[in-house]
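> My structure is stored as start_7.txt, with compact mmCIF, C-alpha atoms.
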# COMPACT_ATOMS: atom_id res chain seq x y z
CA MET A 1 25.54 5.67 -7.42
CA LYS A 2 21.93 6.85 -6.98
CA THR A 3 23.12 10.50 -6.92
CA ARG A 4 24.85 9.96 -10.25
CA LYS A 5 21.70 8.40 -11.71
CA LEU A 6 19.60 11.30 -10.42
CA LEU A 7 21.97 13.86 -11.95
CA PHE A 8 21.99 11.96 -15.23
CA PHE A 9 18.22 11.72 -15.29
CA SER A 10 17.81 15.41 -14.40
CA LEU A 11 20.21 16.35 -17.18
CA ALA A 12 18.35 14.10 -19.60
CA ILE A 13 15.01 15.66 -18.68
CA PHE A 14 16.48 19.12 -19.12
CA CYS A 15 17.80 18.19 -22.54
CA PHE A 16 14.50 16.62 -23.54
CA THR A 17 12.65 19.76 -22.40
CA GLN A 18 14.90 21.94 -24.50
CA VAL A 19 14.38 19.65 -27.45
CA ALA A 20 10.63 19.68 -26.88
CA ASN A 21 10.61 23.47 -26.84
CA ALA A 22 12.60 23.59 -30.03
CA GLN A 23 10.64 20.84 -31.75
CA ARG A 24 6.97 20.69 -30.79
CA GLY A 25 6.60 17.28 -32.42
CA VAL A 26 8.59 15.45 -29.68
CA ARG A 27 6.46 12.93 -27.75
CA ILE A 28 7.40 11.59 -24.32
CA GLY A 29 5.55 8.75 -22.58
CA TYR A 30 6.01 6.52 -19.58
CA ILE A 31 4.86 3.22 -18.12
CA ASP A 32 4.41 1.99 -14.56
CA MET A 33 5.95 -1.49 -14.51
CA GLU A 34 4.64 -2.25 -11.00
CA TYR A 35 1.09 -1.46 -12.07
CA ILE A 36 1.44 -3.66 -15.16
CA LEU A 37 2.89 -6.59 -13.21
CA GLU A 38 0.17 -6.41 -10.55
CA SER A 39 -2.49 -6.46 -13.28
CA VAL A 40 -1.21 -9.61 -15.03
CA PRO A 41 -3.04 -12.70 -13.60
CA GLU A 42 -0.13 -15.09 -14.21
CA TYR A 43 2.23 -12.79 -12.30
CA LYS A 44 -0.18 -12.42 -9.37
CA GLU A 45 -0.67 -16.19 -9.14
CA ALA A 46 3.07 -16.88 -9.27
CA SER A 47 3.71 -14.09 -6.72
CA THR A 48 1.24 -15.72 -4.34
CA GLN A 49 3.02 -19.06 -4.69
CA LEU A 50 6.40 -17.39 -4.13
CA GLU A 51 5.06 -15.60 -1.06
CA GLY A 52 3.99 -18.98 0.31
CA LYS A 53 7.58 -20.21 -0.08
CA VAL A 54 8.91 -17.07 1.63
CA GLN A 55 6.67 -17.66 4.63
CA ARG A 56 7.86 -21.28 4.89
CA TRP A 57 11.50 -20.14 4.71
CA LYS A 58 10.89 -17.59 7.46
CA LYS A 59 9.29 -20.25 9.65
CA ASP A 60 12.34 -22.49 9.10
CA ILE A 61 14.64 -19.65 10.16
CA ASP A 62 12.52 -18.92 13.25
CA LYS A 63 12.60 -22.60 14.16
CA LYS A 64 16.39 -22.70 13.84
CA GLN A 65 16.74 -19.52 15.89
CA LYS A 66 14.54 -20.90 18.67
CA GLU A 67 16.63 -24.06 18.74
CA ILE A 68 19.81 -21.96 19.08
CA ASP A 69 18.23 -19.82 21.80
CA LEU A 70 17.23 -22.94 23.74
CA MET A 71 20.72 -24.42 23.46
CA THR A 72 22.23 -21.11 24.64
CA LEU A 73 19.82 -20.92 27.58
CA ASN A 74 20.53 -24.51 28.65
CA LEU A 75 24.27 -23.88 28.49
CA SER A 76 23.89 -20.75 30.59
CA ASN A 77 21.88 -22.63 33.22
CA GLU A 78 24.23 -25.64 33.31
CA ARG A 79 27.56 -23.86 32.89
CA VAL A 80 28.51 -24.14 36.58
CA LEU A 81 27.98 -27.89 36.45
CA LEU A 82 30.03 -28.54 33.33
CA THR A 83 33.74 -29.00 32.80
CA LYS A 84 35.69 -26.63 30.58
CA GLU A 85 35.83 -29.27 27.82
CA LEU A 86 32.05 -29.80 27.88
CA ILE A 87 31.42 -26.05 27.81
CA GLU A 88 33.66 -25.65 24.78
CA GLU A 89 31.96 -28.59 23.10
CA ARG A 90 28.50 -27.11 23.69
CA GLU A 91 29.64 -23.68 22.48
CA GLU A 92 31.00 -25.30 19.33
CA GLU A 93 27.63 -26.99 18.71
CA ILE A 94 25.86 -23.64 19.10
CA LYS A 95 28.33 -22.02 16.70
CA ILE A 96 27.71 -24.74 14.11
CA LYS A 97 23.93 -24.23 14.43
CA GLU A 98 24.33 -20.45 14.06
CA ASP A 99 26.50 -20.87 10.95
CA GLU A 100 23.94 -23.27 9.46
CA MET A 101 21.11 -20.80 10.11
CA LEU A 102 23.06 -17.87 8.61
CA GLN A 103 23.92 -19.95 5.56
CA TYR A 104 20.28 -21.00 5.15
CA GLN A 105 19.24 -17.35 5.45
CA GLN A 106 21.81 -16.32 2.85
CA ASP A 107 20.75 -19.13 0.50
CA ARG A 108 17.13 -18.03 0.68
CA PHE A 109 17.23 -14.23 1.07
CA GLY A 110 20.76 -13.22 0.03
CA PRO A 111 21.62 -11.21 -3.12
CA ASN A 112 21.98 -14.46 -5.07
CA GLY A 113 19.48 -16.43 -2.99
CA ASP A 114 16.42 -18.34 -4.05
CA LEU A 115 14.10 -15.36 -3.52
CA MET A 116 15.99 -13.05 -5.87
CA ILE A 117 16.48 -15.79 -8.46
CA GLN A 118 12.82 -16.81 -8.50
CA ARG A 119 11.67 -13.19 -8.60
CA ARG A 120 13.87 -12.57 -11.62
CA GLN A 121 12.50 -15.71 -13.26
CA LEU A 122 8.99 -14.51 -12.47
CA VAL A 123 9.42 -10.95 -13.71
CA GLN A 124 11.78 -11.45 -16.65
CA PRO A 125 9.29 -12.95 -19.18
CA ILE A 126 6.77 -10.17 -18.53
CA GLN A 127 9.47 -7.50 -18.67
CA ASP A 128 10.63 -8.87 -22.02
CA GLN A 129 7.05 -8.82 -23.28
CA VAL A 130 6.56 -5.25 -22.04
CA PHE A 131 9.83 -4.18 -23.68
CA ASN A 132 8.74 -5.59 -27.06
CA ILE A 133 5.29 -3.99 -26.78
CA VAL A 134 6.82 -0.64 -25.82
CA GLN A 135 8.97 -0.80 -28.95
CA GLU A 136 5.86 -1.44 -31.06
CA VAL A 137 3.89 1.35 -29.35
CA ALA A 138 6.78 3.80 -29.68
CA GLU A 139 7.11 3.10 -33.39
CA GLY A 140 3.36 3.00 -34.05
CA LYS A 141 2.45 6.10 -32.00
CA LYS A 142 5.63 8.02 -32.89
CA TYR A 143 6.95 8.36 -29.33
CA ASP A 144 10.46 9.74 -28.99
CA PHE A 145 11.06 8.70 -25.37
CA ILE A 146 9.32 6.25 -23.02
CA PHE A 147 10.38 5.90 -19.37
CA ASP A 148 9.57 3.43 -16.59
CA LYS A 149 7.96 5.35 -13.72
CA SER A 150 8.72 2.58 -11.19
CA ALA A 151 12.43 2.38 -12.13
CA ASP A 152 15.26 3.75 -10.00
CA VAL A 153 14.85 7.32 -11.26
CA VAL A 154 12.89 10.27 -9.88
CA MET A 155 9.95 11.61 -11.88
CA LEU A 156 8.95 14.87 -10.22
CA PHE A 157 5.87 15.18 -12.42
CA ALA A 158 4.19 12.95 -14.98
CA ALA A 159 0.98 13.92 -16.76
CA LYS A 160 -1.55 11.08 -16.87
CA ARG A 161 -2.11 11.61 -20.61
CA ASN A 162 1.45 10.39 -21.20
CA ASP A 163 0.91 7.15 -19.27
CA ILE A 164 0.77 4.26 -21.75
CA SER A 165 0.67 1.52 -19.07
CA ASP A 166 -2.92 0.57 -19.94
CA LEU A 167 -2.00 0.41 -23.61
CA VAL A 168 0.84 -2.01 -22.83
CA LEU A 169 -1.33 -4.02 -20.44
CA ARG A 170 -4.06 -4.30 -23.08
CA SER A 171 -1.55 -5.74 -25.54
CA ILE A 172 -0.39 -8.29 -22.96
CA ASN A 173 -3.97 -9.36 -22.21
CA ARG A 174 -4.77 -9.66 -25.91
CA ALA A 175 -1.71 -11.84 -26.48
CA ALA A 176 -2.83 -14.08 -23.61
CA LYS A 177 -6.38 -14.29 -24.98
CA ARG A 178 -5.09 -15.21 -28.44
CA THR A 179 -3.13 -18.06 -26.87
CA GLN A 180 -6.18 -19.22 -24.91
CA ALA A 181 -8.67 -18.91 -27.79
CA THR A 182 -10.33 -22.26 -28.49
CA SER A 183 -12.52 -21.38 -31.46
CA LYS A 184 -12.53 -19.20 -34.57
CA LYS A 185 -15.39 -17.18 -33.05
CA GLU A 186 -13.21 -16.20 -30.10
CA GLU A 187 -10.32 -15.34 -32.44
CA LYS A 188 -12.60 -13.06 -34.50
CA GLN A 189 -13.83 -11.32 -31.37
CA ILE A 190 -10.24 -10.66 -30.30
CA GLU A 191 -9.34 -9.36 -33.77
CA LYS A 192 -12.40 -7.10 -33.70
CA ARG A 193 -11.30 -5.55 -30.43
CA ASP A 194 -7.77 -5.00 -31.73
CA GLY A 195 -9.12 -2.13 -33.83
CA LEU A 196 -10.58 -0.27 -30.83
CA ASP A 197 -8.77 2.53 -29.03
CA LEU A 198 -8.51 2.65 -25.25
CA GLU A 199 -11.73 4.62 -24.70
CA GLU A 200 -13.75 2.41 -27.03
CA GLU A 201 -12.38 -0.76 -25.48
CA LYS A 202 -13.09 0.64 -22.02
CA GLU A 203 -16.73 1.19 -22.99
CA VAL A 204 -16.97 -2.33 -24.44
CA THR A 205 -15.36 -3.79 -21.33
CA GLU A 206 -17.76 -1.89 -19.07
CA ARG A 207 -20.74 -3.18 -21.08
CA GLU A 208 -19.40 -6.73 -20.90
CA GLU A 209 -18.83 -6.40 -17.16
CA ALA A 210 -22.36 -5.04 -16.70
CA ILE A 211 -23.79 -7.97 -18.67
CA GLU A 212 -21.68 -10.41 -16.67
CA ALA A 213 -22.81 -8.77 -13.41
CA LYS A 214 -26.47 -9.10 -14.42
CA LYS A 215 -25.90 -12.72 -15.40
CA ASN A 216 -24.24 -13.44 -12.05
CA GLU A 217 -27.11 -11.69 -10.25
CA ARG A 218 -29.67 -13.80 -12.12
CA GLU A 219 -27.75 -16.97 -11.31
CA LYS A 220 -27.57 -15.89 -7.68
CA ILE A 221 -31.35 -15.29 -7.58
CA MET A 222 -32.03 -18.65 -9.26
CA GLU A 223 -29.73 -20.40 -6.81
CA GLN A 224 -31.50 -18.72 -3.89
CA ARG A 225 -34.90 -19.74 -5.24
CA LYS A 226 -33.67 -23.30 -5.71
CA LYS A 227 -32.47 -23.37 -2.10
CA GLU A 228 -35.87 -22.09 -0.93
CA ARG A 229 -37.70 -24.74 -3.01
CA ASP A 230 -35.38 -27.45 -1.71
CA SER A 231 -35.95 -26.23 1.84
CA ILE A 232 -39.76 -26.29 1.42
CA ARG A 233 -39.56 -29.78 -0.11
CA ALA A 234 -37.39 -30.96 2.77
CA VAL A 235 -39.91 -29.62 5.31
CA LYS A 236 -42.84 -31.23 3.50
CA LYS A 237 -40.97 -34.53 3.23
CA ALA A 238 -40.13 -34.43 6.93
CA GLU A 239 -43.81 -33.77 7.76
CA PHE A 240 -44.90 -36.61 5.47
CA ASP A 241 -42.36 -39.00 7.00
CA ALA A 242 -43.46 -38.03 10.53
CA ARG A 243 -47.14 -38.51 9.62
CA ARG A 244 -46.43 -41.87 8.00
CA THR A 245 -44.42 -42.97 11.04
CA ARG A 246 -47.29 -42.01 13.37
CA LEU A 247 -49.82 -43.92 11.23
CA LEU A 248 -47.61 -47.01 11.16
CA GLU A 249 -47.07 -46.83 14.90
CA GLU A 250 -50.81 -46.39 15.51
CA ARG A 251 -51.62 -49.31 13.21
CA GLN A 252 -49.04 -51.45 15.00
CA ARG A 253 -50.52 -50.53 18.40
CA ARG A 254 -54.04 -51.54 17.24
CA LYS A 255 -52.68 -54.78 15.85
CA ASP A 256 -50.83 -55.50 19.10
CA SER A 257 -53.98 -54.65 21.08
CA ILE A 258 -56.09 -57.10 19.06
CA LEU A 259 -53.47 -59.82 19.43
CA ASN A 260 -53.28 -59.23 23.18
CA ALA A 261 -57.08 -59.37 23.54
CA SER A 262 -57.27 -62.58 21.52
CA GLY A 263 -54.53 -64.13 23.61
CA ASN A 264 -56.27 -63.23 26.84
CA ARG A 265 -59.53 -64.93 25.74
CA ASN A 266 -57.74 -68.10 24.75
CA SER A 267 -55.87 -68.34 28.03
CA SER A 268 -58.86 -67.61 30.43
CA PRO A 269 -59.51 -70.46 33.11
CA PRO A 270 -62.66 -72.75 32.87
CA GLY A 271 -65.82 -71.75 34.83
CA PRO A 272 -66.72 -73.27 38.29
CA GLY A 273 -68.17 -76.82 38.34
CA GLY A 274 -67.31 -77.58 34.84
CA ASP A 275 -64.42 -78.68 32.69
CA ASP A 276 -63.23 -77.11 29.57
CA ASN A 277 -66.14 -78.61 27.61
CA GLY A 278 -68.83 -77.29 30.01
CA GLU A 279 -69.96 -80.83 31.12
CA GLY A 280 -70.49 -81.84 34.81
CA ASP A 281 -69.47 -85.07 36.54
CA ASN A 282 -71.72 -88.19 36.10
Once you've parsed the file, please lay out its structure as structure tokens.

Amino acid sequence: MKTRKLLFFSLAIFCFTQVANAQRGVRIGYIDMEYILESVPEYKEASTQLEGKVQRWKKDIDKKQKEIDLMTLNLSNERVLLTKELIEEREEEIKIKEDEMLQYQQDRFGPNGDLMIQRRQLVQPIQDQVFNIVQEVAEGKKYDFIFDKSADVVMLFAAKRNDISDLVLRSINRAAKRTQATSKKEEKQIEKRDGLDLEEEKEVTEREEAIEAKKNEREKIMEQRKKERDSIRAVKKAEFDARRTRLLEERQRRKDSILNASGNRNSSPPGPGGDDNGEGDN
């Protein structure tokens, strides 16, 4: 099947080359669908979520396989102690577990499994959008043929100047920004950029990225300065609290000392030959 496709594609390229030689006005372009998909944020986010599911499915399969391996090992170790009926019963249990695992594997990773279905659901909307944009680009830029570089055909050479992937990706991003626009100002900015070509938009994007980088750097410096100020304040507060604690403790010690001295004077015994009032016997 692939050989037939390759022959067909080679024949098509040959025909297109002959046409191009005969008619210099023929324009041929191509896109890289993989590059476009990997550059769309929604696709990357959904792909990450799908990859998380794939890892969970693989863990489930590994768990089932370990359970089967353990059952097989136990049967091997206990076989001499079991009757023929018990051996057959255990083997049947293992077979059931194996069938369940294979079915689970097929349901998740088979040709019509969850992985293929969810990947199609993930890719299809973007592919449809790319297809519509390619039609618009082909009509607007007067392209005669546009191929998909990542498709199941062999492109032995493709000049970069014929790659319109960035043009398609720009249209996708603009459509997303129009949907997300929350004010008329944002809508006008998007409309203003619609009139720019790729080089002009690249320059504008680089300027915006440079401004954003400077802004992030300023915010980073301000955050660092704030942390330093907070750290200095924390040190000063700790020193103040320690000093205050020492003063309070010292004040309390003096107070306790005075109270102790006063208590000692009040509790001292009377002098010899006299009572508490200092008077002798009559």
> For Lys64 in chain A, which residue out of A:Lys255, A:Lys84, A:Lys97, A:Lys227 is the nearest one, using all atoms listed in the file?
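Residue with the minimum atom-to-atom distance to Lys64 in chain A: A:Lys97.
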> Could you check the closest approach to Gly113 in chain A for each of A:Trp57, A:Lys160, A:Glu136, A:Phe131 and tell me which residue wins, using all atoms listed in the file?
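Closest to Gly113 in chain A, using all atoms listed in the file: A:Trp57.
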> Give me, as an NGL selection string, all polymer residues having an atom no more than 8 Å from Asn173 in chain A, counting only C-alpha atoms and skipping those fewer than 4 positions away in the same chain.
:A and (40 or 169 or 177)
> Calculate how many Å separate CA of Ile31 in chain A from CA of Gln124 in chain A, rounding to one decimal.
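One can read the CA of Ile31 in chain A to CA of Gln124 in chain A distance as 16.3 Å.
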> (18.0, -16.6, 5.0) in this file's frame - what residues fall within 12 Å of it? Use all atoms listed in the file and give the answer as a PyMOL selection string.
chain A and resi 54-62+64-65+98-116
> Can you write just those residues out, C-alpha atoms, as a CSV table (one decimal), keeping the file's coordinate frame?

chain,number,residue,atom,x,y,z
A,54,VAL,CA,8.9,-17.1,1.6
A,55,GLN,CA,6.7,-17.7,4.6
A,56,ARG,CA,7.9,-21.3,4.9
A,57,TRP,CA,11.5,-20.1,4.7
A,58,LYS,CA,10.9,-17.6,7.5
A,59,LYS,CA,9.3,-20.2,9.6
A,60,ASP,CA,12.3,-22.5,9.1
A,61,ILE,CA,14.6,-19.6,10.2
A,62,ASP,CA,12.5,-18.9,13.2
A,64,LYS,CA,16.4,-22.7,13.8
A,65,GLN,CA,16.7,-19.5,15.9
A,98,GLU,CA,24.3,-20.4,14.1
A,99,ASP,CA,26.5,-20.9,11.0
A,100,GLU,CA,23.9,-23.3,9.5
A,101,MET,CA,21.1,-20.8,10.1
A,102,LEU,CA,23.1,-17.9,8.6
A,103,GLN,CA,23.9,-20.0,5.6
A,104,TYR,CA,20.3,-21.0,5.2
A,105,GLN,CA,19.2,-17.4,5.4
A,106,GLN,CA,21.8,-16.3,2.8
A,107,ASP,CA,20.8,-19.1,0.5
A,108,ARG,CA,17.1,-18.0,0.7
A,109,PHE,CA,17.2,-14.2,1.1
A,110,GLY,CA,20.8,-13.2,0.0
A,111,PRO,CA,21.6,-11.2,-3.1
A,112,ASN,CA,22.0,-14.5,-5.1
A,113,GLY,CA,19.5,-16.4,-3.0
A,114,ASP,CA,16.4,-18.3,-4.0
A,115,LEU,CA,14.1,-15.4,-3.5
A,116,MET,CA,16.0,-13.0,-5.9
